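Q: So here's entry-v3.pdb (PDB, C-alpha atoms).
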```pdb
ATOM      1  CA  MET P 279      79.858  62.783 119.674
ATOM      2  CA  THR P 280      82.508  60.453 118.345
ATOM      3  CA  ARG P 281      85.887  60.110 119.840
ATOM      4  CA  PRO P 282      88.965  60.056 117.611
ATOM      5  CA  SER P 283      90.647  56.728 117.501
ATOM      6  CA  PRO P 284      93.789  56.330 119.654
ATOM      7  CA  SER P 285      95.951  56.205 116.527
ATOM      8  CA  LEU P 286      94.622  59.611 115.396
ATOM      9  CA  ARG P 287      95.396  61.121 118.815
ATOM     10  CA  LEU P 288      98.946  59.769 118.691
ATOM     11  CA  ALA P 289      99.717  61.078 115.195
ATOM     12  CA  PRO P 290     100.365  64.740 116.242
ATOM     13  CA  LEU P 291     102.417  63.533 119.204
ATOM     14  CA  LEU P 292     104.535  61.263 116.983
ATOM     15  CA  ARG P 293     105.116  64.114 114.480
ATOM     16  CA  THR P 294     106.257  66.367 117.344
ATOM     17  CA  LEU P 295     108.589  63.691 118.675
ATOM     18  CA  ALA P 296     109.994  63.093 115.177
ATOM     19  CA  VAL P 297     110.706  66.830 114.748
ATOM     20  CA  LEU P 298     112.363  66.999 118.172
ATOM     21  CA  LEU P 299     114.425  63.914 117.378
ATOM     22  CA  CYS P 300     115.601  65.481 114.085
ATOM     23  CA  LEU P 301     116.528  68.683 115.903
ATOM     24  CA  CYS P 302     118.544  66.707 118.440
ATOM     25  CA  PHE P 303     120.510  64.965 115.683
ATOM     26  CA  ALA P 304     121.152  68.321 113.994
ATOM     27  CA  CYS P 305     122.815  69.552 117.201
ATOM     28  CA  VAL P 306     125.080  66.545 117.635
ATOM     29  CA  LYS P 307     128.771  67.356 117.228
ATOM     30  CA  PRO P 308     131.370  64.868 116.020
ATOM     31  CA  ALA P 309     132.257  62.431 118.768
ATOM     32  CA  GLN P 310     135.429  63.046 120.676
ATOM     33  CA  ALA P 311     137.000  60.311 122.666
ATOM     34  CA  LEU P 312     138.190  60.174 126.180
ATOM     35  CA  CYS P 313     141.391  58.326 125.490
ATOM     36  CA  LEU P 314     141.948  55.882 128.319
ATOM     37  CA  PRO P 315     145.274  53.985 128.492
ATOM     38  CA  ALA P 316     143.503  50.667 127.926
ATOM     39  CA  VAL P 317     141.817  52.071 124.788
ATOM     40  CA  CYS P 318     144.516  54.142 123.067
ATOM     41  CA  THR P 319     148.034  55.497 123.366
ATOM     42  CA  CYS P 320     150.042  58.176 121.606
ATOM     43  CA  THR P 321     153.811  58.545 121.437
ATOM     44  CA  LEU P 322     156.112  61.371 120.417
ATOM     45  CA  ALA P 323     159.470  61.216 118.626
ATOM     46  CA  THR P 324     161.596  64.331 118.103
ATOM     47  CA  THR P 325     164.339  65.486 115.769
ATOM     48  CA  ASN P 326     166.511  68.271 117.201
ATOM     49  CA  VAL P 327     166.575  71.792 115.835
ATOM     50  CA  ALA P 328     170.307  72.075 115.027
ATOM     51  CA  PHE P 329     171.526  75.433 113.715
ATOM     52  CA  GLY P 330     175.154  74.582 112.982
ATOM     53  CA  ASN P 331     177.688  77.412 112.807
ATOM     54  CA  TYR P 332     176.473  80.961 113.337
ATOM     55  CA  ALA P 333     178.139  83.970 111.695
ATOM     56  CA  PRO P 334     177.466  86.968 114.008
ATOM     57  CA  LEU P 335     178.402  89.553 111.364
ATOM     58  CA  ALA P 336     176.063  88.126 108.717
ATOM     59  CA  PHE P 337     173.026  90.276 107.972
ATOM     60  CA  GLY P 338     170.703  87.339 107.305
ATOM     61  CA  ASN P 339     168.953  85.040 109.733
ATOM     62  CA  THR P 340     170.108  81.490 110.367
ATOM     63  CA  ASP P 341     167.152  79.137 109.854
ATOM     64  CA  THR P 342     166.710  75.411 110.354
ATOM     65  CA  THR P 343     164.009  72.857 111.156
ATOM     66  CA  GLY P 344     163.385  70.002 113.524
ATOM     67  CA  SER P 345     160.354  67.761 113.769
ATOM     68  CA  LEU P 346     157.831  66.236 116.131
ATOM     69  CA  LYS P 347     156.295  62.919 115.077
ATOM     70  CA  VAL P 348     153.063  61.788 116.765
ATOM     71  CA  THR P 349     151.902  58.173 116.496
ATOM     72  CA  CYS P 350     148.658  56.898 118.037
ATOM     73  CA  GLY P 351     147.162  53.432 118.351
ATOM     74  CA  GLY P 352     144.043  51.950 119.885
ATOM     75  CA  VAL P 353     140.437  51.158 118.991
ATOM     76  CA  ALA P 354     139.477  51.558 115.307
ATOM     77  CA  GLY P 355     137.200  54.493 114.539
ATOM     78  CA  LEU P 356     138.213  56.349 117.684
ATOM     79  CA  LEU P 357     138.995  60.059 117.268
ATOM     80  CA  ILE P 358     142.079  61.072 119.257
ATOM     81  CA  PRO P 359     142.515  64.851 119.442
ATOM     82  CA  PHE P 360     145.877  66.086 120.711
ATOM     83  CA  ASN P 361     147.908  69.229 121.435
ATOM     84  CA  LEU P 362     151.641  69.847 121.093
ATOM     85  CA  ALA P 363     153.182  72.497 123.344
ATOM     86  CA  ILE P 364     156.825  73.583 123.519
ATOM     87  CA  SER P 365     158.417  75.143 126.616
ATOM     88  CA  ALA P 366     160.269  78.459 126.741
ATOM     89  CA  GLY P 367     163.535  76.688 127.495
ATOM     90  CA  GLY P 368     166.251  77.868 129.874
ATOM     91  CA  SER P 369     165.560  81.575 129.399
ATOM     92  CA  ALA P 370     161.954  81.105 130.640
ATOM     93  CA  SER P 371     160.828  83.618 127.984
ATOM     94  CA  PHE P 372     158.977  82.942 124.749
ATOM     95  CA  THR P 373     159.681  86.473 123.546
ATOM     96  CA  ASN P 374     163.393  85.907 123.404
ATOM     97  CA  ARG P 375     164.489  82.312 123.823
ATOM     98  CA  GLN P 376     168.211  82.094 124.433
ATOM     99  CA  MET P 377     170.821  79.436 123.894
ATOM    100  CA  LYS P 378     173.816  79.504 126.203
ATOM    101  CA  SER P 379     177.498  78.763 125.964
ATOM    102  CA  GLY P 380     178.751  79.216 129.506
ATOM    103  CA  SER P 381     177.664  82.758 130.442
ATOM    104  CA  ASN P 382     177.299  83.818 126.784
ATOM    105  CA  THR P 383     173.873  83.901 125.163
ATOM    106  CA  LEU P 384     172.511  83.773 121.630
ATOM    107  CA  SER P 385     168.885  84.739 120.905
ATOM    108  CA  TYR P 386     166.674  82.440 118.829
ATOM    109  CA  ASN P 387     163.084  81.313 118.588
ATOM    110  CA  LEU P 388     160.895  78.418 117.432
ATOM    111  CA  TYR P 389     157.906  78.848 115.122
ATOM    112  CA  THR P 390     154.893  76.880 113.918
ATOM    113  CA  ASP P 391     155.511  77.474 110.190
ATOM    114  CA  ALA P 392     158.022  78.651 107.612
ATOM    115  CA  SER P 393     156.715  82.232 107.695
ATOM    116  CA  TYR P 394     158.329  82.596 111.137
ATOM    117  CA  ALA P 395     155.351  84.674 112.263
ATOM    118  CA  THR P 396     153.863  82.544 115.070
ATOM    119  CA  VAL P 397     155.994  81.505 118.038
ATOM    120  CA  TRP P 398     155.397  77.903 119.091
ATOM    121  CA  GLY P 399     154.880  77.738 122.832
ATOM    122  CA  ASP P 400     152.341  76.697 125.424
ATOM    123  CA  GLY P 401     149.519  79.083 124.514
ATOM    124  CA  SER P 402     150.660  81.834 126.882
ATOM    125  CA  SER P 403     152.439  85.103 126.052
ATOM    126  CA  SER P 404     150.987  85.262 122.513
ATOM    127  CA  THR P 405     152.377  81.827 121.624
ATOM    128  CA  GLN P 406     150.525  79.019 119.895
ATOM    129  CA  ILE P 407     150.148  75.345 120.614
ATOM    130  CA  VAL P 408     149.567  73.038 117.666
ATOM    131  CA  SER P 409     146.328  71.062 117.793
ATOM    132  CA  SER P 410     145.432  68.124 115.612
ATOM    133  CA  GLY P 411     143.760  64.759 115.821
ATOM    134  CA  VAL P 412     143.712  61.363 114.266
ATOM    135  CA  THR P 413     140.935  58.853 113.648
ATOM    136  CA  LEU P 414     142.318  55.358 113.993
ATOM    137  CA  ASP P 415     141.938  53.035 111.019
ATOM    138  CA  LEU P 416     140.625  49.461 110.836
ATOM    139  CA  LEU P 417     143.760  48.009 112.418
ATOM    140  CA  GLY P 418     143.701  50.615 115.172
ATOM    141  CA  LEU P 419     146.854  52.271 113.878
ATOM    142  CA  ALA P 420     146.926  55.543 112.000
ATOM    143  CA  PRO P 421     149.923  56.833 110.060
ATOM    144  CA  ALA P 422     152.263  59.013 112.087
ATOM    145  CA  GLN P 423     151.750  62.749 111.798
ATOM    146  CA  THR P 424     154.869  64.883 111.465
ATOM    147  CA  PHE P 425     154.957  68.522 112.550
ATOM    148  CA  TYR P 426     157.921  70.713 111.688
ATOM    149  CA  VAL P 427     159.488  73.104 114.153
ATOM    150  CA  TYR P 428     161.016  76.124 112.405
ATOM    151  CA  GLY P 429     163.999  77.597 114.239
ATOM    152  CA  ARG P 430     165.536  81.008 113.604
ATOM    153  CA  ILE P 431     168.550  82.858 114.979
ATOM    154  CA  PRO P 432     168.224  86.547 114.069
ATOM    155  CA  GLY P 433     171.216  87.955 112.168
ATOM    156  CA  ARG P 434     173.697  90.545 113.425
ATOM    157  CA  GLN P 435     174.110  89.369 117.007
ATOM    158  CA  ILE P 436     177.600  90.865 116.939
ATOM    159  CA  THR P 437     178.269  90.278 120.638
ATOM    160  CA  ALA P 438     178.100  86.500 120.152
ATOM    161  CA  VAL P 439     181.392  84.784 120.913
ATOM    162  CA  PRO P 440     182.523  81.484 119.368
ATOM    163  CA  GLY P 441     181.314  78.421 121.215
ATOM    164  CA  VAL P 442     178.777  75.639 121.345
ATOM    165  CA  TYR P 443     175.396  77.072 122.261
ATOM    166  CA  ASN P 444     172.436  74.993 123.365
ATOM    167  CA  ASP P 445     169.124  75.111 125.133
ATOM    168  CA  THR P 446     166.828  72.400 126.454
ATOM    169  CA  ILE P 447     163.235  72.537 125.303
ATOM    170  CA  SER P 448     160.446  70.333 126.673
ATOM    171  CA  VAL P 449     157.710  69.152 124.347
ATOM    172  CA  THR P 450     154.360  68.189 125.840
ATOM    173  CA  LEU P 451     151.956  65.907 123.968
ATOM    174  CA  THR P 452     148.472  65.993 125.478
ATOM    175  CA  TYR P 453     145.845  63.678 124.040
ATOM    176  CA  PHE P 454     142.241  63.303 125.084
TER     177      PHE P 454
END
```
For this file, write the structure as structure tokens.

A:
Amino acid sequence: MTRPSPSLRLAPLLRTLAVLLCLCFACVKPAQALCLPAVCTCTLATTNVAFGNYAPLAFGNTDTTGSLKVTCGGVAGLLIPFNLAISAGGSASFTNRQMKSGSNTLSYNLYTDASYATVWGDGSSSTQIVSSGVTLDLLGLAPAQTFYVYGRIPGRQITAVPGVYNDTISVTLTYF
């Protein structure tokens, strides 16, 4: 009886390992970074949503936009995923955000796109956060990403009195 050479005994084992190794690579997802302050940073710049004058007897809505600009820097090739969340403001309600002028209120809301269908919020109460990411380029700086905030005051709020109405909204940028 002849024994197979050691190389012949290893061949099936090597094929099995090669198949397992290929399967492992097939399951690998794109790398996501844990963004440590020493490795990367992101900053946020905002442009206010300013409605201007409101005509309470007008049938149409009053629409305007503001913007959120995210800039990230750090190690080249690093993927930096991030989320943008917007608070409910002073009314503490995403369903009916309200601006105030003294004790007077004016309903409005903020949306993720120009269809005015999805309320931008913090992910609760049927609102959406905006998620994105950036892979840093060779110099470790990627171009800024701008996200528009679409504001709308519904028409025919006939109880609105003249005045300067405002609300304070907090924007939270979370990066990983």

Q: Selected by the PyMOL selection byres ((chain P and resi 364-378) around 10) in the shown coordinates: which residues, as number ranges by chain?

A: P: 362-363, 379-389, 397-408, 427, 431, 441-451

Q: Check which residues satisfy the PyMOL selection byres ((chain P and resi 432) around 7) in the file shown, then give them as a PyMOL selection string.

A: chain P and resi 339-340+386+430-431+433-434

Q: Have a look at CA of Phe454 in chain P and CA of Val317 in chain P and let me know their distance in Å, one decimal.

A: 11.2 Å

Q: Please define a box with edges along x, y and z of the file around all atoms of range 345-360 of chain P given in the file, extend it by 6 Å on each side, and return its centre and edge lengths in Å to one decimal, as JSON.

A:
```
{"center_x": 148.8, "center_y": 59.5, "center_z": 117.2, "size_x": 35.2, "size_y": 28.6, "size_z": 18.9}
```

Q: Please write as a PyMOL selection string the full residue list that the PyMOL selection byres ((chain P and resi 353) around 7) yields on this file.

A: chain P and resi 317-318+352+354-356+414+418

Q: Next, the residues of the selection above should be written as a PDB file, in the frame of the given file with C-alpha atoms.

A:
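Written file, result03.pdb:
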```pdb
ATOM      1  CA  VAL P 317     141.817  52.071 124.788  1.00  0.00           C
ATOM      2  CA  CYS P 318     144.516  54.142 123.067  1.00  0.00           C
ATOM      3  CA  GLY P 352     144.043  51.950 119.885  1.00  0.00           C
ATOM      4  CA  ALA P 354     139.477  51.558 115.307  1.00  0.00           C
ATOM      5  CA  GLY P 355     137.200  54.493 114.539  1.00  0.00           C
ATOM      6  CA  LEU P 356     138.213  56.349 117.684  1.00  0.00           C
ATOM      7  CA  LEU P 414     142.318  55.358 113.993  1.00  0.00           C
ATOM      8  CA  GLY P 418     143.701  50.615 115.172  1.00  0.00           C
TER       9      GLY P 418
END
```

Q: One decimal, Å: what's the distance from CA of Asn361 in chain P over to CA of Thr342 in chain P, could you say?

A: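 Distance reported for this atom pair: 22.7 Å.
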
Q: If we count only C-alpha atoms, what is near Ala328 in chain P at a cut-off of 9 Å, once residues fewer than 3 positions away on the same chain are taken out, given as a PyMOL selection string?

A: chain P and resi 325+342-344+429

Q: Rebuild range 374-404 of chain P to N, CA and C atoms - output it as a PDB file, in the coordinates of the input, please.

A:
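Output (rebuild.pdb):
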```pdb
ATOM      1  N   ASN P 374     161.993  85.940 123.807  1.00  0.00           N
ATOM      2  CA  ASN P 374     163.393  85.907 123.404  1.00  0.00           C
ATOM      3  C   ASN P 374     164.059  84.664 123.993  1.00  0.00           C
ATOM      4  N   ARG P 375     163.810  83.522 123.375  1.00  0.00           N
ATOM      5  CA  ARG P 375     164.489  82.312 123.823  1.00  0.00           C
ATOM      6  C   ARG P 375     165.989  82.529 123.650  1.00  0.00           C
ATOM      7  N   GLN P 376     166.763  81.929 124.524  1.00  0.00           N
ATOM      8  CA  GLN P 376     168.211  82.094 124.433  1.00  0.00           C
ATOM      9  C   GLN P 376     168.926  80.771 124.609  1.00  0.00           C
ATOM     10  N   MET P 377     169.902  80.552 123.727  1.00  0.00           N
ATOM     11  CA  MET P 377     170.821  79.436 123.894  1.00  0.00           C
ATOM     12  C   MET P 377     172.005  79.966 124.686  1.00  0.00           C
ATOM     13  N   LYS P 378     172.675  79.079 125.390  1.00  0.00           N
ATOM     14  CA  LYS P 378     173.816  79.504 126.203  1.00  0.00           C
ATOM     15  C   LYS P 378     175.058  78.694 125.871  1.00  0.00           C
ATOM     16  N   SER P 379     176.175  79.379 126.014  1.00  0.00           N
ATOM     17  CA  SER P 379     177.498  78.763 125.964  1.00  0.00           C
ATOM     18  C   SER P 379     178.235  79.354 127.148  1.00  0.00           C
ATOM     19  N   GLY P 380     178.222  78.631 128.263  1.00  0.00           N
ATOM     20  CA  GLY P 380     178.751  79.216 129.506  1.00  0.00           C
ATOM     21  C   GLY P 380     177.858  80.378 129.907  1.00  0.00           C
ATOM     22  N   SER P 381     178.456  81.574 130.083  1.00  0.00           N
ATOM     23  CA  SER P 381     177.664  82.758 130.442  1.00  0.00           C
ATOM     24  C   SER P 381     177.242  83.558 129.207  1.00  0.00           C
ATOM     25  N   ASN P 382     177.659  83.129 128.031  1.00  0.00           N
ATOM     26  CA  ASN P 382     177.299  83.818 126.784  1.00  0.00           C
ATOM     27  C   ASN P 382     175.937  83.336 126.285  1.00  0.00           C
ATOM     28  N   THR P 383     175.195  84.248 125.670  1.00  0.00           N
ATOM     29  CA  THR P 383     173.873  83.901 125.163  1.00  0.00           C
ATOM     30  C   THR P 383     173.735  84.254 123.685  1.00  0.00           C
ATOM     31  N   LEU P 384     172.820  83.553 123.033  1.00  0.00           N
ATOM     32  CA  LEU P 384     172.511  83.773 121.630  1.00  0.00           C
ATOM     33  C   LEU P 384     170.994  83.658 121.490  1.00  0.00           C
ATOM     34  N   SER P 385     170.346  84.725 121.031  1.00  0.00           N
ATOM     35  CA  SER P 385     168.885  84.739 120.905  1.00  0.00           C
ATOM     36  C   SER P 385     168.428  83.893 119.722  1.00  0.00           C
ATOM     37  N   TYR P 386     167.294  83.244 119.888  1.00  0.00           N
ATOM     38  CA  TYR P 386     166.674  82.440 118.829  1.00  0.00           C
ATOM     39  C   TYR P 386     165.204  82.280 119.162  1.00  0.00           C
ATOM     40  N   ASN P 387     164.450  81.683 118.251  1.00  0.00           N
ATOM     41  CA  ASN P 387     163.084  81.313 118.588  1.00  0.00           C
ATOM     42  C   ASN P 387     162.622  80.154 117.721  1.00  0.00           C
ATOM     43  N   LEU P 388     161.489  79.563 118.114  1.00  0.00           N
ATOM     44  CA  LEU P 388     160.895  78.418 117.432  1.00  0.00           C
ATOM     45  C   LEU P 388     159.499  78.807 116.975  1.00  0.00           C
ATOM     46  N   TYR P 389     159.145  78.399 115.748  1.00  0.00           N
ATOM     47  CA  TYR P 389     157.906  78.848 115.122  1.00  0.00           C
ATOM     48  C   TYR P 389     157.096  77.667 114.594  1.00  0.00           C
ATOM     49  N   THR P 390     155.806  77.921 114.390  1.00  0.00           N
ATOM     50  CA  THR P 390     154.893  76.880 113.918  1.00  0.00           C
ATOM     51  C   THR P 390     154.938  76.668 112.413  1.00  0.00           C
ATOM     52  N   ASP P 391     155.452  77.642 111.651  1.00  0.00           N
ATOM     53  CA  ASP P 391     155.511  77.474 110.190  1.00  0.00           C
ATOM     54  C   ASP P 391     156.664  78.272 109.589  1.00  0.00           C
ATOM     55  N   ALA P 392     156.871  78.069 108.309  1.00  0.00           N
ATOM     56  CA  ALA P 392     158.022  78.651 107.612  1.00  0.00           C
ATOM     57  C   ALA P 392     157.923  80.162 107.412  1.00  0.00           C
ATOM     58  N   SER P 393     156.811  80.769 107.778  1.00  0.00           N
ATOM     59  CA  SER P 393     156.715  82.232 107.695  1.00  0.00           C
ATOM     60  C   SER P 393     157.376  82.896 108.903  1.00  0.00           C
ATOM     61  N   TYR P 394     157.689  82.117 109.913  1.00  0.00           N
ATOM     62  CA  TYR P 394     158.329  82.596 111.137  1.00  0.00           C
ATOM     63  C   TYR P 394     157.528  83.714 111.800  1.00  0.00           C
ATOM     64  N   ALA P 395     156.214  83.635 111.703  1.00  0.00           N
ATOM     65  CA  ALA P 395     155.351  84.674 112.263  1.00  0.00           C
ATOM     66  C   ALA P 395     154.757  84.290 113.615  1.00  0.00           C
ATOM     67  N   THR P 396     154.538  82.983 113.850  1.00  0.00           N
ATOM     68  CA  THR P 396     153.863  82.544 115.070  1.00  0.00           C
ATOM     69  C   THR P 396     154.806  81.712 115.924  1.00  0.00           C
ATOM     70  N   VAL P 397     155.097  82.215 117.127  1.00  0.00           N
ATOM     71  CA  VAL P 397     155.994  81.505 118.038  1.00  0.00           C
ATOM     72  C   VAL P 397     155.271  80.290 118.602  1.00  0.00           C
ATOM     73  N   TRP P 398     155.950  79.143 118.537  1.00  0.00           N
ATOM     74  CA  TRP P 398     155.397  77.903 119.091  1.00  0.00           C
ATOM     75  C   TRP P 398     155.721  77.884 120.573  1.00  0.00           C
ATOM     76  N   GLY P 399     154.695  77.743 121.386  1.00  0.00           N
ATOM     77  CA  GLY P 399     154.880  77.738 122.832  1.00  0.00           C
ATOM     78  C   GLY P 399     153.824  76.907 123.514  1.00  0.00           C
ATOM     79  N   ASP P 400     153.331  77.429 124.636  1.00  0.00           N
ATOM     80  CA  ASP P 400     152.341  76.697 125.424  1.00  0.00           C
ATOM     81  C   ASP P 400     150.982  77.385 125.453  1.00  0.00           C
ATOM     82  N   GLY P 401     150.787  78.355 124.569  1.00  0.00           N
ATOM     83  CA  GLY P 401     149.519  79.083 124.514  1.00  0.00           C
ATOM     84  C   GLY P 401     149.521  80.356 125.329  1.00  0.00           C
ATOM     85  N   SER P 402     150.568  80.596 126.110  1.00  0.00           N
ATOM     86  CA  SER P 402     150.660  81.834 126.882  1.00  0.00           C
ATOM     87  C   SER P 402     151.562  82.826 126.145  1.00  0.00           C
ATOM     88  N   SER P 403     151.556  84.058 126.590  1.00  0.00           N
ATOM     89  CA  SER P 403     152.439  85.103 126.052  1.00  0.00           C
ATOM     90  C   SER P 403     152.387  85.200 124.525  1.00  0.00           C
ATOM     91  N   SER P 404     151.198  85.158 123.969  1.00  0.00           N
ATOM     92  CA  SER P 404     150.987  85.262 122.513  1.00  0.00           C
ATOM     93  C   SER P 404     151.623  84.131 121.715  1.00  0.00           C
TER      94      SER P 404
END
```
